[in-house]
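Take a look at the structure below.
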Amino acid sequence: MDESTDYTNRDDGTDDCTTTESFDDHGIDDGSELIRRTYYRLVADGWDTFEPTERFLDRLADAFTRAYLTVTGAYELPPHVAAAVDDARAWVGVEFADKPNTDLRGTVVPAFYRHAAGFHCAYRD
């Protein structure tokens, strides 16, 4: 990822959470692996182009969830990660609702990750 966005302002002396390192507390150093794995899971499931439909958004959230579980070796999402995924799904749906020709690999999946990471920053302890 080429940008790092601050989503929290902490006054307790800790570093601000960024989208690049949002999931570092889960052993994920860089979001690019989640982006790559999410994209390839979608393609493996037959979704190689973006569709602004509820069905597609469900598949996108599921692909991200499966990528997260694979990378972390977990069996289920922690509640705050699940909430971040749900919120990212909703925001991507709104962001691209009227843009059916948006590039899946270069735009939609990275946007989903940025939203999920941003919400994760807000929701994590």
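All residue names refer to the structure tokens as shown: chains lettered A, B, ... in order, residues numbered from 1 in each chain, ligands numbered from 1 in order.
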
- So which residues touch Ala111 in chain A within 12 Å, counting only C-alpha atoms, skipping near sequence neighbours fewer than 3 positions away, as number ranges by chain? A: 1, 3, 19, 31-32, 34-35, 38-39, 60, 64, 85, 88-96, 102-108, 114-118

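If you count only C-alpha atoms and ignore residues fewer than 6 places along the chain from Arg59 in chain A, what sits within 9 Å of it is Leu42, Asp45 and Trp47 of chain A.
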
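Minimum atom-to-atom distance to Cys17 in chain A, evaluated using only C-alpha atoms, belongs to A:Phe119 out of A:Phe112, A:Tyr40, A:Phe119, A:Tyr75.
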
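Distance-wise, CA of Ala61 in chain A and CA of His80 in chain A end up 14.5 Å apart.
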
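Taking CA of Pro100 in chain A and CA of Glu54 in chain A as the two end points, the separation is 12.7 Å.
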
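Comparing A:Arg55, A:Lys99, A:His120, A:Arg37 by their smallest distance to Thr70 in chain A, the closest is A:Arg37 (using only C-alpha atoms).
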
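Take the candidates A:Ala44, A:Ala74, A:Ala122, A:Leu69 and check each one against Asp87 in chain A using only C-alpha atoms; the shortest distance goes to A:Ala122.
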
- Task: Between CA of Glu51 in chain A and CA of Val81 in chain A, measure the distance and give it in Å to one decimal.
- Result: 24.2 Å
